[in-house]
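Written below as structure tokens is the structure these notes are about.
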Amino acid sequence: MKNWILPIALSSVLAGCNTTQQAELDALRAEVEQLKSVQQQVAVRVGLAELVKPETLPLSQEGKWIGDKSNDVVVIEYTDLHCPFCKKFQQEIWPEFKKQYVDTGEAAVLARELPLSKLHPKAGYAAVFLRCTNQQGQYEQVKDKLFEIGNSITQETTAEVAQEFNLDEQKLTTCLADTSVHEAVGRSISDAQLLGIGGTPSFVVGRQKDGMLVDYQVIVGGSLEKLGAAIKALK
């Protein structure tokens with residue numbers, strides 16, 4: 001009987017040790033990740049986010065996917081709806097970029113927001129409004145319209161946009177008051193800042209792998225040539 005009890009007891013002790021060690025390792029990993037997060041936040045505040053840029057990025061699903069979201073190559077766009085350079089990209093470069101790279105299946109685009117509120121106080125409202133119109137199946141045409149309206153946007157002008165695009169006003173009003181939508185825009189801003197992105201339009205071009213973006217690069221400015229070269233480099 002003793003010969004059975006001893007191995008069982010010893011096995012229980014070892015299992016307890018392994019469980020304790022695993023818990024300690026998990027706690028240590030969590031502490032390291034927290035330190036990394038703090039380091040990134042400090043770097044952002046002092047303008048050195050580029051120095052602590054992570055090697056891989058979690059690929060957020062928040063935003064508007066244009067093209068096949070399972071595509072190996074993903075371009076994340078960060079835009080400010082009241083930025084004149086973003087407007088120029090949307091009107092003059094985006095149609096050709098979409099034709100050459102999105103419609104052909106070369107890349108998918110995840111459009112996100114980076115309202116620069118210090119420069120454009122109403123850009124945050126425009127970003128939330130665009131997200132809400134996207135919930136009703138409208139995005140690109142409304143985006144074009146918002147660039148035309150620019151910083152003269154008001155509740156009256158957005159009401160006119162809602163009427164023009166046959167949006168459900170009750171659903172729109174509910175969405176505009178939904179804090180989760182505002183928080184989603186806030187996360188988009190934070191994700192951009194952690195990469196050291198402080199200007200618009202900016203793009204992150206990389207390869208999608210297991211829910212992460214790898215081999216990525218950040219491109220500031222809407223150059224068709226630079227974006228095209230970054231996509232081709234991943235092929």
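Each chain of the structure tokens is named A, B, ... in the order shown, its residues numbered from 1; ligands are numbered from 1 in display order.
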Give me every strand (DSSP E) residue in stretch 71-194 of chain A, going by DSSP on the backbone, as an MDAnalysis selection string. chainID A and resid 73:79 108:113
How would the residues just picked look written out with N, CA and C atoms as a PDB file, in the first residue's frame?
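Now in selection_6.pdb:
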```pdb
ATOM      1  N   VAL A  73      -2.239  40.880 -48.072  1.00  0.00           N
ATOM      2  CA  VAL A  73      -1.699  42.234 -47.938  1.00  0.00           C
ATOM      3  C   VAL A  73      -2.806  43.178 -47.486  1.00  0.00           C
ATOM      4  N   VAL A  74      -2.528  43.917 -46.421  1.00  0.00           N
ATOM      5  CA  VAL A  74      -3.515  44.838 -45.861  1.00  0.00           C
ATOM      6  C   VAL A  74      -2.910  46.235 -45.767  1.00  0.00           C
ATOM      7  N   VAL A  75      -3.698  47.216 -46.151  1.00  0.00           N
ATOM      8  CA  VAL A  75      -3.321  48.621 -46.021  1.00  0.00           C
ATOM      9  C   VAL A  75      -4.292  49.264 -45.032  1.00  0.00           C
ATOM     10  N   ILE A  76      -3.768  49.723 -43.907  1.00  0.00           N
ATOM     11  CA  ILE A  76      -4.601  50.433 -42.937  1.00  0.00           C
ATOM     12  C   ILE A  76      -4.466  51.925 -43.212  1.00  0.00           C
ATOM     13  N   GLU A  77      -5.590  52.549 -43.443  1.00  0.00           N
ATOM     14  CA  GLU A  77      -5.608  53.992 -43.709  1.00  0.00           C
ATOM     15  C   GLU A  77      -6.051  54.734 -42.454  1.00  0.00           C
ATOM     16  N   TYR A  78      -5.301  55.762 -42.087  1.00  0.00           N
ATOM     17  CA  TYR A  78      -5.705  56.658 -41.003  1.00  0.00           C
ATOM     18  C   TYR A  78      -5.971  58.029 -41.616  1.00  0.00           C
ATOM     19  N   THR A  79      -7.217  58.491 -41.461  1.00  0.00           N
ATOM     20  CA  THR A  79      -7.596  59.731 -42.123  1.00  0.00           C
ATOM     21  C   THR A  79      -8.304  60.688 -41.174  1.00  0.00           C
ATOM     22  N   ALA A 108      -6.156  44.560 -49.526  1.00  0.00           N
ATOM     23  CA  ALA A 108      -7.405  45.004 -48.908  1.00  0.00           C
ATOM     24  C   ALA A 108      -7.094  46.237 -48.073  1.00  0.00           C
ATOM     25  N   VAL A 109      -8.077  47.101 -47.918  1.00  0.00           N
ATOM     26  CA  VAL A 109      -7.893  48.332 -47.156  1.00  0.00           C
ATOM     27  C   VAL A 109      -8.783  48.296 -45.910  1.00  0.00           C
ATOM     28  N   LEU A 110      -8.206  48.657 -44.792  1.00  0.00           N
ATOM     29  CA  LEU A 110      -8.972  48.845 -43.561  1.00  0.00           C
ATOM     30  C   LEU A 110      -8.929  50.334 -43.244  1.00  0.00           C
ATOM     31  N   ALA A 111     -10.048  51.020 -43.481  1.00  0.00           N
ATOM     32  CA  ALA A 111     -10.103  52.470 -43.280  1.00  0.00           C
ATOM     33  C   ALA A 111     -10.443  52.771 -41.827  1.00  0.00           C
ATOM     34  N   ARG A 112      -9.575  53.547 -41.188  1.00  0.00           N
ATOM     35  CA  ARG A 112      -9.770  53.937 -39.786  1.00  0.00           C
ATOM     36  C   ARG A 112      -9.640  55.459 -39.670  1.00  0.00           C
ATOM     37  N   GLU A 113      -9.839  55.962 -38.457  1.00  0.00           N
ATOM     38  CA  GLU A 113      -9.897  57.410 -38.259  1.00  0.00           C
ATOM     39  C   GLU A 113      -8.744  57.913 -37.391  1.00  0.00           C
TER      40      GLU A 113
END
```
Pick from A:Glu106, A:Glu148, A:Glu55, A:Asp191 nearest to A:Lys235, counting only C-alpha atoms: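 Of the candidates, the smallest distance to A:Lys235 is held by A:Glu106.
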List the spatial neighbours of stretch 90-100 of chain A as a PyMOL selection string - criterion: any atom at most 8 Å away, only C-alpha atoms, same-chain residues fewer than 5 positions off excluded. chain A and resi 106+144+222-224
Export of the given selection (all heavy atoms) as a tab-separated table (two decimals), in the first residue's frame:
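Done, and the output landed in result.tsv:
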```
chain	number	residue	atom	x	y	z
A	106	GLU	N	-5.04	42.85	-55.19
A	106	GLU	CA	-3.65	42.95	-54.74
A	106	GLU	C	-3.58	43.23	-53.23
A	106	GLU	O	-2.65	42.80	-52.56
A	106	GLU	CB	-2.94	44.08	-55.49
A	106	GLU	CG	-2.69	43.82	-56.95
A	106	GLU	CD	-1.57	42.80	-57.17
A	106	GLU	OE1	-0.49	42.98	-56.61
A	106	GLU	OE2	-1.83	41.81	-57.88
A	144	ASP	N	-17.01	60.83	-49.18
A	144	ASP	CA	-16.78	61.88	-50.18
A	144	ASP	C	-17.53	63.16	-49.81
A	144	ASP	O	-16.99	64.27	-49.90
A	144	ASP	CB	-17.23	61.40	-51.57
A	144	ASP	CG	-16.32	60.35	-52.15
A	144	ASP	OD1	-15.14	60.30	-51.76
A	144	ASP	OD2	-16.79	59.57	-53.00
A	222	GLY	N	-0.23	60.50	-49.01
A	222	GLY	CA	-0.97	59.63	-49.92
A	222	GLY	C	-0.34	59.48	-51.28
A	222	GLY	O	-1.00	59.74	-52.29
A	223	SER	N	0.91	59.04	-51.34
A	223	SER	CA	1.58	58.87	-52.62
A	223	SER	C	1.22	57.52	-53.23
A	223	SER	O	1.44	56.47	-52.62
A	223	SER	CB	3.09	58.97	-52.44
A	223	SER	OG	3.77	58.49	-53.58
A	224	LEU	N	0.66	57.53	-54.44
A	224	LEU	CA	0.33	56.30	-55.13
A	224	LEU	C	1.57	55.45	-55.37
A	224	LEU	O	1.54	54.23	-55.24
A	224	LEU	CB	-0.36	56.62	-56.46
A	224	LEU	CG	-0.83	55.43	-57.29
A	224	LEU	CD1	-1.90	54.64	-56.56
A	224	LEU	CD2	-1.36	55.91	-58.65
```
With only C-alpha atoms as the atoms that count, which of A:Cys132, A:Val161, A:Leu227, A:Cys86 lies nearest to A:Thr179? A:Cys132
Could you jot down the atom CA of A:Gln217 to atom CA of A:Ala126 separation for me, Å, one decimal place?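 We find that atom CA of A:Gln217 and atom CA of A:Ala126 lie 27.4 Å from each other.
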Residue set, stretch 52-177 of chain A restricted to helix (DSSP H, G or I), as an MDAnalysis selection string: chainID A and resid 52 84:102 123:134 140:152 155:164 169:176
Nearest to A:Gly186, restricted to only C-alpha atoms and choosing among A:Arg207, A:Val102, A:Pro58, A:Pro115, comes out as A:Pro115
Near-A:Thr56 list (7 Å; only C-alpha atoms; drop same-chain fewer than 5 positions) as a CSV table (one decimal) with all heavy atoms, in the first residue's frame:
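Final output, selection-v1.csv:
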```csv
chain,number,residue,atom,x,y,z
A,212,MET,N,-2.4,39.0,-37.1
A,212,MET,CA,-1.4,40.0,-36.9
A,212,MET,C,-0.9,40.6,-38.2
A,212,MET,O,-1.0,40.0,-39.3
A,212,MET,CB,-0.2,39.4,-36.1
A,212,MET,CG,-0.5,38.7,-34.9
A,212,MET,SD,-1.1,39.8,-33.5
A,212,MET,CE,0.5,40.7,-33.1
A,213,LEU,N,-0.4,41.8,-38.1
A,213,LEU,CA,0.2,42.5,-39.3
A,213,LEU,C,1.7,42.4,-39.1
A,213,LEU,O,2.2,42.9,-38.1
A,213,LEU,CB,-0.3,43.9,-39.4
A,213,LEU,CG,-0.2,44.6,-40.8
A,213,LEU,CD1,-1.1,43.9,-41.8
A,213,LEU,CD2,-0.5,46.1,-40.7
A,214,VAL,N,2.4,41.8,-40.1
A,214,VAL,CA,3.8,41.6,-40.0
A,214,VAL,C,4.5,42.2,-41.2
A,214,VAL,O,3.8,42.6,-42.2
A,214,VAL,CB,4.2,40.1,-39.9
A,214,VAL,CG1,3.5,39.4,-38.7
A,214,VAL,CG2,3.7,39.4,-41.2
```
To one decimal in Å, tell me the separation between atom CA of A:Ala233 and atom CA of A:Gln208. 14.0 Å
